[in-house]
$ cat query.csv   # CSV, C-alpha atoms (C1' of nucleotides)
chain,number,residue,atom,x,y,z
I,88,MET,CA,-40.5,270.1,238.9
I,89,GLY,CA,-40.9,267.4,236.4
I,90,GLY,CA,-37.4,266.2,236.0
I,91,PRO,CA,-35.5,266.4,232.7
I,92,ILE,CA,-36.3,263.4,230.7
I,93,LYS,CA,-33.7,264.9,228.5
I,94,GLY,CA,-31.0,264.2,231.0
I,95,ARG,CA,-31.0,260.6,229.8
I,96,THR,CA,-28.5,259.9,227.2
I,97,HIS,CA,-28.8,257.7,224.2
I,98,ARG,CA,-26.4,254.9,225.1
I,99,GLN,CA,-26.5,251.6,223.4
I,100,LEU,CA,-24.8,248.4,224.5
I,101,ARG,CA,-24.9,245.1,222.7
I,102,ILE,CA,-24.8,241.7,224.3
I,103,ASP,CA,-24.7,238.3,222.8
I,104,LEU,CA,-27.1,235.9,224.4
I,105,ASN,CA,-26.3,233.0,222.1
I,106,LYS,CA,-25.2,230.8,224.9
I,107,THR,CA,-28.1,231.3,227.2
I,108,MET,CA,-30.8,231.9,224.7
I,109,ILE,CA,-33.6,229.7,223.8
I,110,ALA,CA,-33.3,228.7,220.2
I,111,SER,CA,-34.4,229.9,216.9
I,112,VAL,CA,-31.5,232.2,216.0
I,113,ASN,CA,-32.5,235.2,214.0
I,114,HIS,CA,-29.7,235.6,211.5
I,115,PRO,CA,-28.9,239.2,210.7
I,116,PRO,CA,-30.9,240.8,207.9
I,117,LEU,CA,-29.7,240.2,204.3
I,118,ALA,CA,-29.8,244.0,204.1
I,119,THR,CA,-31.1,244.4,200.6
I,120,PRO,CA,-29.7,247.9,200.1
I,121,LEU,CA,-32.2,250.5,200.9
I,122,ALA,CA,-31.4,252.1,197.6
I,123,ASP,CA,-32.7,249.1,195.8
I,124,ARG,CA,-35.9,249.2,197.8
I,125,LEU,CA,-36.4,252.7,196.6
I,126,THR,CA,-36.1,252.0,192.9
I,127,ALA,CA,-38.1,248.8,193.3
I,128,ALA,CA,-40.9,250.9,194.7
I,129,GLY,CA,-40.8,253.1,191.6
I,130,LEU,CA,-39.1,256.0,193.3
I,131,ARG,CA,-36.1,257.8,191.9
I,132,LEU,CA,-32.7,257.2,193.1
I,133,THR,CA,-30.9,260.5,193.6
I,134,ALA,CA,-27.6,261.4,195.2
I,135,PRO,CA,-29.3,262.8,198.4
I,136,ARG,CA,-31.4,259.6,198.8
I,137,ARG,CA,-28.4,257.4,198.2
I,138,ALA,CA,-26.5,259.2,200.9
I,139,VAL,CA,-29.4,258.9,203.4
I,140,ALA,CA,-29.8,255.2,202.6
I,141,THR,CA,-26.1,254.5,203.0
I,142,VAL,CA,-26.0,256.2,206.4
I,143,LEU,CA,-29.0,254.3,207.6
I,144,GLU,CA,-27.6,251.0,206.4
I,145,THR,CA,-24.2,251.4,207.9
I,146,SER,CA,-25.1,252.8,211.2
I,147,GLU,CA,-24.6,250.7,214.3
I,148,THR,CA,-27.2,252.6,216.3
I,149,HIS,CA,-30.7,253.8,215.7
I,150,LEU,CA,-30.4,257.2,214.3
I,151,ALA,CA,-32.5,260.3,214.7
I,152,PRO,CA,-33.1,262.5,211.6
I,153,ALA,CA,-30.6,265.1,212.8
I,154,GLU,CA,-27.9,262.5,213.1
I,155,VAL,CA,-28.7,261.1,209.7
I,156,LEU,CA,-28.4,264.6,208.2
I,157,GLU,CA,-25.1,265.2,209.8
I,158,ARG,CA,-23.6,262.0,208.7
I,159,ALA,CA,-25.1,262.0,205.2
I,160,ARG,CA,-23.7,265.5,204.6
I,161,ALA,CA,-20.2,263.9,204.6
I,162,ILE,CA,-21.4,262.1,201.4
I,163,CYS,CA,-23.7,264.7,200.0
I,164,PRO,CA,-22.7,268.1,201.3
I,165,ASP,CA,-25.6,270.1,200.0
I,166,LEU,CA,-28.1,267.7,201.6
I,167,GLY,CA,-31.0,269.5,203.2
I,168,ARG,CA,-32.9,268.7,206.3
I,169,ALA,CA,-36.2,268.4,204.5
I,170,THR,CA,-34.8,265.8,202.2
I,171,VAL,CA,-33.7,263.7,205.0
I,172,TYR,CA,-37.2,263.7,206.5
I,173,ARG,CA,-38.8,263.1,203.2
I,174,THR,CA,-36.5,260.2,202.4
I,175,ILE,CA,-37.1,258.6,205.7
I,176,ASP,CA,-40.8,259.0,205.2
I,177,ALA,CA,-40.6,257.3,201.9
I,178,LEU,CA,-38.5,254.4,203.4
I,179,VAL,CA,-41.0,253.9,206.2
I,180,ARG,CA,-43.9,253.8,203.8
I,181,ILE,CA,-42.2,251.3,201.6
I,182,GLY,CA,-41.7,249.2,204.6
I,183,ALA,CA,-37.9,249.3,204.5
I,184,LEU,CA,-37.5,251.4,207.6
I,185,ARG,CA,-39.5,251.4,210.8
I,186,PRO,CA,-39.9,254.1,213.4
I,187,LEU,CA,-39.2,253.3,217.0
I,188,TYR,CA,-39.0,255.1,220.3
I,189,LEU,CA,-36.2,254.5,222.7
I,190,GLY,CA,-37.3,256.9,225.4
I,191,ASP,CA,-34.4,259.4,225.6
I,192,GLY,CA,-35.8,262.5,224.1
I,193,PRO,CA,-38.6,263.6,221.9
I,194,GLU,CA,-37.0,262.8,218.6
I,195,GLN,CA,-38.0,259.9,216.5
I,196,ARG,CA,-35.5,257.2,215.7
I,197,PHE,CA,-35.5,254.6,213.0
I,198,ALA,CA,-34.2,251.2,212.2
I,199,LEU,CA,-34.1,248.9,209.2
I,200,ALA,CA,-37.5,247.1,209.1
I,201,GLU,CA,-36.1,243.8,208.0
I,202,GLY,CA,-35.4,241.4,210.8
I,203,GLY,CA,-35.8,242.1,214.4
I,204,HIS,CA,-34.7,244.7,216.9
I,205,HIS,CA,-34.5,243.7,220.5
I,206,HIS,CA,-33.9,246.3,223.2
I,207,LEU,CA,-33.7,246.2,226.9
I,208,VAL,CA,-34.5,249.8,227.9
I,209,CYS,CA,-33.9,251.3,231.3
I,210,ALA,CA,-36.7,253.6,232.3
I,211,ALA,CA,-34.6,255.7,234.6
I,212,CYS,CA,-31.4,256.4,232.7
I,213,GLY,CA,-32.3,255.5,229.2
I,214,THR,CA,-29.6,252.9,228.7
I,215,VAL,CA,-30.4,250.6,225.9
I,216,VAL,CA,-29.0,247.1,225.8
I,217,GLU,CA,-29.4,245.4,222.5
I,218,PHE,CA,-29.6,241.7,222.0
I,219,ASP,CA,-29.7,239.7,218.8
I,220,ASP,CA,-31.7,236.6,219.2
I,221,CYS,CA,-35.3,236.1,220.0
I,222,PRO,CA,-37.9,233.3,219.6
I,223,LEU,CA,-40.4,235.1,217.5
I,224,GLY,CA,-40.2,233.3,214.2
I,225,ASP,CA,-43.2,231.1,214.9
I,226,LEU,CA,-45.2,234.0,216.2
I,227,GLU,CA,-44.6,236.0,213.0
I,228,THR,CA,-45.7,233.1,210.9
I,229,THR,CA,-48.8,232.5,213.0
I,230,LEU,CA,-49.8,236.1,213.0
I,231,ALA,CA,-49.2,236.6,209.3
I,232,ALA,CA,-51.5,233.6,208.5
I,233,ARG,CA,-54.1,234.7,211.0
I,234,THR,CA,-54.3,238.4,210.0
I,235,GLY,CA,-53.2,238.6,206.4
I,236,PHE,CA,-50.5,241.0,207.3
I,237,ARG,CA,-47.2,240.7,205.4
I,238,ILE,CA,-44.7,241.0,208.2
I,239,HIS,CA,-41.4,242.7,207.5
I,240,GLY,CA,-39.8,242.6,210.9
I,241,HIS,CA,-40.4,243.2,214.5
I,242,LEU,CA,-39.3,245.3,217.4
I,243,LEU,CA,-39.2,243.9,220.9
I,244,GLU,CA,-38.5,246.2,223.7
I,245,LEU,CA,-38.3,245.1,227.3
I,246,PHE,CA,-38.8,247.9,229.7
I,247,GLY,CA,-37.4,248.1,233.2
I,248,ARG,CA,-34.5,249.3,235.2
I,249,CYS,CA,-30.9,248.5,234.8
I,250,PRO,CA,-28.8,247.2,237.6
I,251,ALA,CA,-27.4,250.6,238.3
I,252,CYS,CA,-30.8,252.3,238.6
I,253,ALA,CA,-32.6,249.5,240.4
D,235,MET,CA,-42.9,265.7,197.7
D,236,GLY,CA,-42.5,263.5,200.7
D,237,GLY,CA,-45.9,262.2,201.3
D,238,PRO,CA,-47.9,263.1,204.4
D,239,ILE,CA,-47.0,260.5,207.1
D,240,LYS,CA,-49.7,262.4,208.9
D,241,GLY,CA,-52.2,261.1,206.5
D,242,ARG,CA,-52.2,257.9,208.5
D,243,THR,CA,-54.7,257.8,211.2
D,244,HIS,CA,-54.4,256.3,214.6
D,245,ARG,CA,-56.6,253.3,214.4
D,246,GLN,CA,-56.5,250.4,216.7
D,247,LEU,CA,-58.1,247.1,216.4
D,248,ARG,CA,-58.0,244.3,218.8
D,249,ILE,CA,-58.0,240.6,218.0
D,250,ASP,CA,-58.1,237.6,220.2
D,251,LEU,CA,-55.6,234.9,219.2
D,252,ASN,CA,-56.3,232.6,222.1
D,253,LYS,CA,-57.4,229.8,219.8
D,254,THR,CA,-54.5,229.9,217.5
D,255,MET,CA,-51.8,231.1,219.8
D,256,ILE,CA,-48.9,229.1,221.0
D,257,ALA,CA,-49.1,228.9,224.8
D,258,SER,CA,-48.0,230.9,227.8
D,259,VAL,CA,-50.9,233.2,228.1
D,260,ASN,CA,-49.9,236.6,229.5
D,261,HIS,CA,-52.6,237.5,231.9
D,262,PRO,CA,-53.5,241.2,232.0
D,263,PRO,CA,-51.5,243.3,234.3
D,264,LEU,CA,-52.6,243.5,238.0
D,265,ALA,CA,-52.6,247.3,237.3
D,266,THR,CA,-51.5,248.6,240.6
D,267,PRO,CA,-53.0,252.0,240.3
D,268,LEU,CA,-50.6,254.5,239.0
D,269,ALA,CA,-51.5,256.8,241.9
D,270,ASP,CA,-50.1,254.3,244.3
D,271,ARG,CA,-46.9,254.1,242.2
D,272,LEU,CA,-46.5,257.8,242.6
D,273,THR,CA,-46.8,257.8,246.4
D,274,ALA,CA,-44.7,254.7,246.6
D,275,ALA,CA,-42.0,256.6,244.8
D,276,GLY,CA,-42.2,259.4,247.3
D,277,LEU,CA,-44.0,261.7,245.0
D,278,ARG,CA,-47.0,263.8,246.1
D,279,LEU,CA,-50.4,262.7,245.1
D,280,THR,CA,-52.3,265.8,243.9
D,281,ALA,CA,-55.6,266.2,242.2
D,282,PRO,CA,-54.0,266.9,238.8
D,283,ARG,CA,-51.8,263.8,239.0
D,284,ARG,CA,-54.7,261.7,240.1
D,285,ALA,CA,-56.7,262.8,237.1
D,286,VAL,CA,-53.8,262.0,234.7
D,287,ALA,CA,-53.3,258.7,236.3
D,288,THR,CA,-56.9,257.8,236.1
D,289,VAL,CA,-57.1,258.7,232.4
D,290,LEU,CA,-54.0,256.7,231.6
D,291,GLU,CA,-55.3,253.7,233.5
D,292,THR,CA,-58.8,253.6,232.1
D,293,SER,CA,-57.9,254.3,228.4
D,294,GLU,CA,-58.4,251.5,225.9
D,295,THR,CA,-55.9,253.0,223.5
D,296,HIS,CA,-52.4,254.4,223.8
D,297,LEU,CA,-52.8,258.1,224.4
D,298,ALA,CA,-50.8,261.1,223.4
D,299,PRO,CA,-50.3,263.9,225.9
D,300,ALA,CA,-52.9,266.1,224.2
D,301,GLU,CA,-55.5,263.4,224.5
D,302,VAL,CA,-54.6,262.8,228.1
D,303,LEU,CA,-55.0,266.5,228.8
D,304,GLU,CA,-58.4,266.7,227.1
D,305,ARG,CA,-59.8,263.7,229.0
D,306,ALA,CA,-58.2,264.6,232.3
D,307,ARG,CA,-59.8,268.0,232.2
D,308,ALA,CA,-63.1,266.3,232.6
D,309,ILE,CA,-61.9,265.3,236.0
D,310,CYS,CA,-59.7,268.2,236.9
D,311,PRO,CA,-60.9,271.2,234.8
D,312,ASP,CA,-58.0,273.5,235.6
D,313,LEU,CA,-55.4,271.0,234.6
D,314,GLY,CA,-52.5,272.5,232.6
D,315,ARG,CA,-50.6,271.1,229.7
D,316,ALA,CA,-47.3,271.3,231.5
D,317,THR,CA,-48.6,269.2,234.4
D,318,VAL,CA,-49.6,266.5,232.0
D,319,TYR,CA,-46.2,266.3,230.5
D,320,ARG,CA,-44.5,266.5,233.9
D,321,THR,CA,-46.7,263.8,235.4
D,322,ILE,CA,-46.1,261.5,232.4
D,323,ASP,CA,-42.4,262.1,232.8
D,324,ALA,CA,-42.6,261.1,236.4
D,325,LEU,CA,-44.5,258.0,235.6
D,326,VAL,CA,-42.1,257.0,233.0
D,327,ARG,CA,-39.1,257.5,235.3
D,328,ILE,CA,-40.6,255.4,238.0
D,329,GLY,CA,-41.2,252.7,235.5
D,330,ALA,CA,-45.0,252.8,235.7
D,331,LEU,CA,-45.5,254.1,232.2
D,332,ARG,CA,-43.5,253.5,229.0
D,333,PRO,CA,-43.2,255.5,225.9
D,334,LEU,CA,-43.9,254.0,222.5
D,335,TYR,CA,-44.2,255.0,219.0
D,336,LEU,CA,-46.9,253.9,216.7
D,337,GLY,CA,-45.9,255.7,213.6
D,338,ASP,CA,-48.8,258.0,212.9
D,339,GLY,CA,-47.6,261.4,213.7
D,340,PRO,CA,-44.8,263.1,215.6
D,341,GLU,CA,-46.5,262.9,219.0
D,342,GLN,CA,-45.4,260.5,221.6
D,343,ARG,CA,-47.7,257.9,223.0
D,344,PHE,CA,-47.6,256.0,226.2
D,345,ALA,CA,-48.8,252.8,227.7
D,346,LEU,CA,-48.8,251.2,231.1
D,347,ALA,CA,-45.4,249.6,231.6
D,348,GLU,CA,-46.7,246.5,233.4
D,349,GLY,CA,-47.4,243.6,231.3
D,350,GLY,CA,-47.0,243.5,227.6
D,351,HIS,CA,-48.2,245.4,224.6
D,352,HIS,CA,-48.4,243.7,221.3
D,353,HIS,CA,-49.0,245.5,218.0
D,354,LEU,CA,-49.1,244.6,214.4
D,355,VAL,CA,-48.4,247.9,212.6
D,356,CYS,CA,-49.0,248.6,209.0
D,357,ALA,CA,-46.2,250.7,207.5
D,358,ALA,CA,-48.4,252.1,204.8
D,359,CYS,CA,-51.7,253.2,206.5
D,360,GLY,CA,-50.7,253.1,210.1
D,361,THR,CA,-53.4,250.7,211.2
D,362,VAL,CA,-52.5,249.0,214.5
D,363,VAL,CA,-53.9,245.7,215.4
D,364,GLU,CA,-53.4,244.8,218.9
D,365,PHE,CA,-53.2,241.3,220.3
D,366,ASP,CA,-53.1,240.1,223.8
D,367,ASP,CA,-51.0,237.0,224.1
D,368,CYS,CA,-47.4,236.4,223.5
D,369,PRO,CA,-44.8,233.8,224.4
D,370,LEU,CA,-42.3,236.1,226.1
D,371,GLY,CA,-42.5,235.0,229.7
D,372,ASP,CA,-39.4,232.9,229.5
D,373,LEU,CA,-37.4,235.4,227.6
D,374,GLU,CA,-38.1,238.1,230.2
D,375,THR,CA,-37.0,235.7,233.0
D,376,THR,CA,-33.8,234.7,231.1
D,377,LEU,CA,-32.9,238.3,230.3
D,378,ALA,CA,-33.5,239.5,233.7
D,379,ALA,CA,-31.2,236.9,235.1
D,380,ARG,CA,-28.6,237.4,232.5
D,381,THR,CA,-28.4,241.2,232.6
D,382,GLY,CA,-29.5,242.2,236.1
D,383,PHE,CA,-32.3,244.4,234.7
D,384,ARG,CA,-35.5,244.4,236.6
D,385,ILE,CA,-38.1,244.1,233.8
D,386,HIS,CA,-41.5,245.7,234.1
D,387,GLY,CA,-43.0,244.8,230.9
D,388,HIS,CA,-42.5,244.7,227.2
D,389,LEU,CA,-43.5,246.0,223.9
D,390,LEU,CA,-43.6,243.8,220.8
D,391,GLU,CA,-44.3,245.5,217.5
D,392,LEU,CA,-44.5,243.5,214.3
D,393,PHE,CA,-44.1,245.7,211.3
D,394,GLY,CA,-45.5,245.1,207.9
D,395,ARG,CA,-48.4,245.8,205.6
D,396,CYS,CA,-52.0,245.1,206.3
D,397,PRO,CA,-54.1,243.1,203.8
D,398,ALA,CA,-55.5,246.2,202.3
D,399,CYS,CA,-52.2,247.9,201.7
D,400,ALA,CA,-50.2,244.8,200.6
O,211,DT,C1',-44.3,275.4,257.7
O,212,DT,C1',-41.8,274.0,253.7
O,213,DG,C1',-40.5,272.0,249.9
O,214,DT,C1',-43.2,270.2,246.1
O,215,DC,C1',-46.4,270.9,242.5
O,216,DT,C1',-49.3,273.7,239.5
O,217,DG,C1',-51.0,276.8,235.7
O,218,DC,C1',-49.8,280.2,232.6
O,219,DA,C1',-47.5,281.9,228.9
O,220,DA,C1',-43.3,282.3,226.5
O,221,DA,C1',-39.4,279.9,224.7
O,222,DG,C1',-37.4,275.8,222.4
O,223,DC,C1',-36.9,272.8,218.9
O,224,DG,C1',-37.9,268.8,216.0
O,225,DT,C1',-40.8,268.3,211.8
O,226,DT,C1',-43.4,269.9,207.9
O,227,DT,C1',-44.5,272.8,204.0
O,228,DG,C1',-44.4,276.2,199.9
O,229,DC,C1',-42.0,277.3,196.0
O,230,DA,C1',-38.5,278.0,192.5
O,231,DT,C1',-34.9,275.2,190.7
O,232,DT,C1',-32.5,271.0,189.5
O,233,DT,C1',-32.4,266.3,188.2
O,234,DC,C1',-33.7,261.6,187.0
O,235,DG,C1',-35.6,258.6,183.5
G,58,DC,C1',-39.0,266.9,178.0
G,59,DG,C1',-42.1,266.1,182.0
G,60,DA,C1',-42.6,264.6,186.5
G,61,DA,C1',-40.3,263.9,190.6
G,62,DA,C1',-37.1,265.4,194.0
G,63,DT,C1',-34.3,269.1,196.2
G,64,DG,C1',-32.8,273.1,199.2
G,65,DC,C1',-34.0,276.9,201.6
G,66,DA,C1',-36.4,279.2,205.0
G,67,DA,C1',-40.6,280.1,207.0
G,68,DA,C1',-44.4,277.9,209.3
G,69,DC,C1',-46.1,274.5,212.5
G,70,DG,C1',-47.1,272.1,216.5
G,71,DC,C1',-45.5,269.3,220.2
G,72,DT,C1',-42.7,269.7,224.4
G,73,DT,C1',-40.2,272.2,227.9
G,74,DT,C1',-39.2,275.9,231.0
G,75,DG,C1',-39.4,280.2,234.3
G,76,DC,C1',-42.0,281.9,237.9
G,77,DA,C1',-45.2,283.3,241.3
G,78,DG,C1',-48.8,281.3,243.7
G,79,DA,C1',-51.2,277.0,245.7
G,80,DC,C1',-50.9,272.8,248.2
G,81,DA,C1',-49.7,268.1,250.1
G,82,DA,C1',-47.5,266.1,254.1
$ encode --input "query.csv" --output "structure tokens"
Amino acid sequence: MGGPIKGRTHRQLRIDLNKTMIASVNHPPLATPLADRLTAAGLRLTAPRRAVATVLETSETHLAPAEVLERARAICPDLGRATVYRTIDALVRIGALRPLYLGDGPEQRFALAEGGHHHLVCAACGTVVEFDDCPLGDLETTLAARTGFRIHGHLLELFGRCPACA
Amino acid sequence: MGGPIKGRTHRQLRIDLNKTMIASVNHPPLATPLADRLTAAGLRLTAPRRAVATVLETSETHLAPAEVLERARAICPDLGRATVYRTIDALVRIGALRPLYLGDGPEQRFALAEGGHHHLVCAACGTVVEFDDCPLGDLETTLAARTGFRIHGHLLELFGRCPACA
DNA sequence: TTGTCTGCAAAGCGTTTGCATTTCG
DNA sequence: CGAAATGCAAACGCTTTGCAGACAA
């Protein structure tokens, strides 16, 4: 039977490759608060939205809607599921948040759109190693000029097998 | 009301940046047939699996399970939904296929794991521009050496707004 | 032959929607 | 005050699972 893809857990490690990395350090995002992004986009800033924004901004990992709901309820107890989805939708459309897929279940996960996200994903066990630096500054510039896109950030996922699964 | 993220369609364009691109051309994957990968992994090669593998290999775009089912039925008429999901699961776990998210609906999409996939995604309308070259060869090598991962391929998604939506 | 794989249909569950009410501006 | 946003709960639709039969090796 097709094995349980679900068996894979959502683990995230973080490594610092500064010493061995190429160049062009990508400093962490300035993290203009998501709340500001909402108002700047002409959307109303409500308590539920503020709670969702705060959770997304302060999380160390890439959250799924259910996790956002759970954590945000600590700030805004009456928060409803639907509002979480709707707020995330809004943030994605404004370009403040971006969807991503880490391969450990059918739920969607999100990350701040600003800056870059770099993952090393194990196809077998779902382990995700995150690293901070990457040499994509030039590419972003080139592509922006060439295509007319306004680029907010990027996601780089290297896919393979971790030492334990290889 | 939270706008319909669904309103965004799954469009894919393709551009050739050879002329303006940096260097390090990433030649297309050798595409060891997916069917071979299955047998190599000790899995049985059945007609349904062969059909799914063929569809995934020959598609120009990144398919969702429902699309794979539809197309594969042209080859294997009795193919069932469950088998498509199970086969995709198997392919992901052996590292031949990789999940990805393009932001235009809740369904998962997949791409061959070998080689690279490079997208320029518009946060507003969901348009995806695909490009073929990227300068990540060195990074893959460095990371593989540093982390012990065996890297099959990568996904690079630049997130922003297309000219029309900006 | 035998354990794997398949199709079917039901179950599961993450996401979306309708609507009356509340809230921001 | 008027439009936008919210919560609830039902509706949806994609994905997974149980099982008996079919099939690769």
$ interface_residues --input "query.csv" --of "chain G" --to "chain D" --cutoff "9 Å" --atoms "all atoms listed in the file" --output "MDAnalysis selection string"
chainID G and resid 61:62 71:73 80:82
$ closest_residue --input "query.csv" --among "D:Ala398, D:Ala281, D:Leu297, D:Val355" --to "chain O" --atoms "all atoms listed in the file"
D:Ala281
$ interface_residues --input "query.csv" --of "chain O" --to "chain D" --cutoff "12 Å" --atoms "only C-alpha atoms (C1' of nucleotides)" --output "VMD selection string"
chain O and resid 213 to 219 224 to 229
$ interface_residues --input "query.csv" --of "chain D" --to "chain I" --cutoff "6 Å" --atoms "all atoms listed in the file" --output "PyMOL selection string"
chain D and resi 236+320+327+329+334-335+357-358+382-397
$ residues_around --input "query.csv" --residues "Pro311 in chain D" --least-positions-apart "6" --cutoff "10 Å" --atoms "only C-alpha atoms (C1' of nucleotides)" --output "ChimeraX atom specification"
/D:282,285,303-305
$ axis_aligned_box --input "query.csv" --around "range 61-80 of chain G" --padding-each-side "6 Å" --output "lines of an AutoDock Vina configuration file"
center_x = -42.0
center_y = 273.6
center_z = 219.4
size_x = 30.4
size_y = 31.4
size_z = 69.6
$ atom_distance --input "query.csv" --atom1 "CA of Cys163 in chain I" --atom2 "C1' of DA67 in chain G"
23.9 Å
$ atom_distance --input "query.csv" --atom1 "CA of Ala306 in chain D" --atom2 "CA of Ala269 in chain D"
14.1 Å
$ atom_distance --input "query.csv" --atom1 "C1' of DG222 in chain O" --atom2 "C1' of DC69 in chain G"
13.2 Å
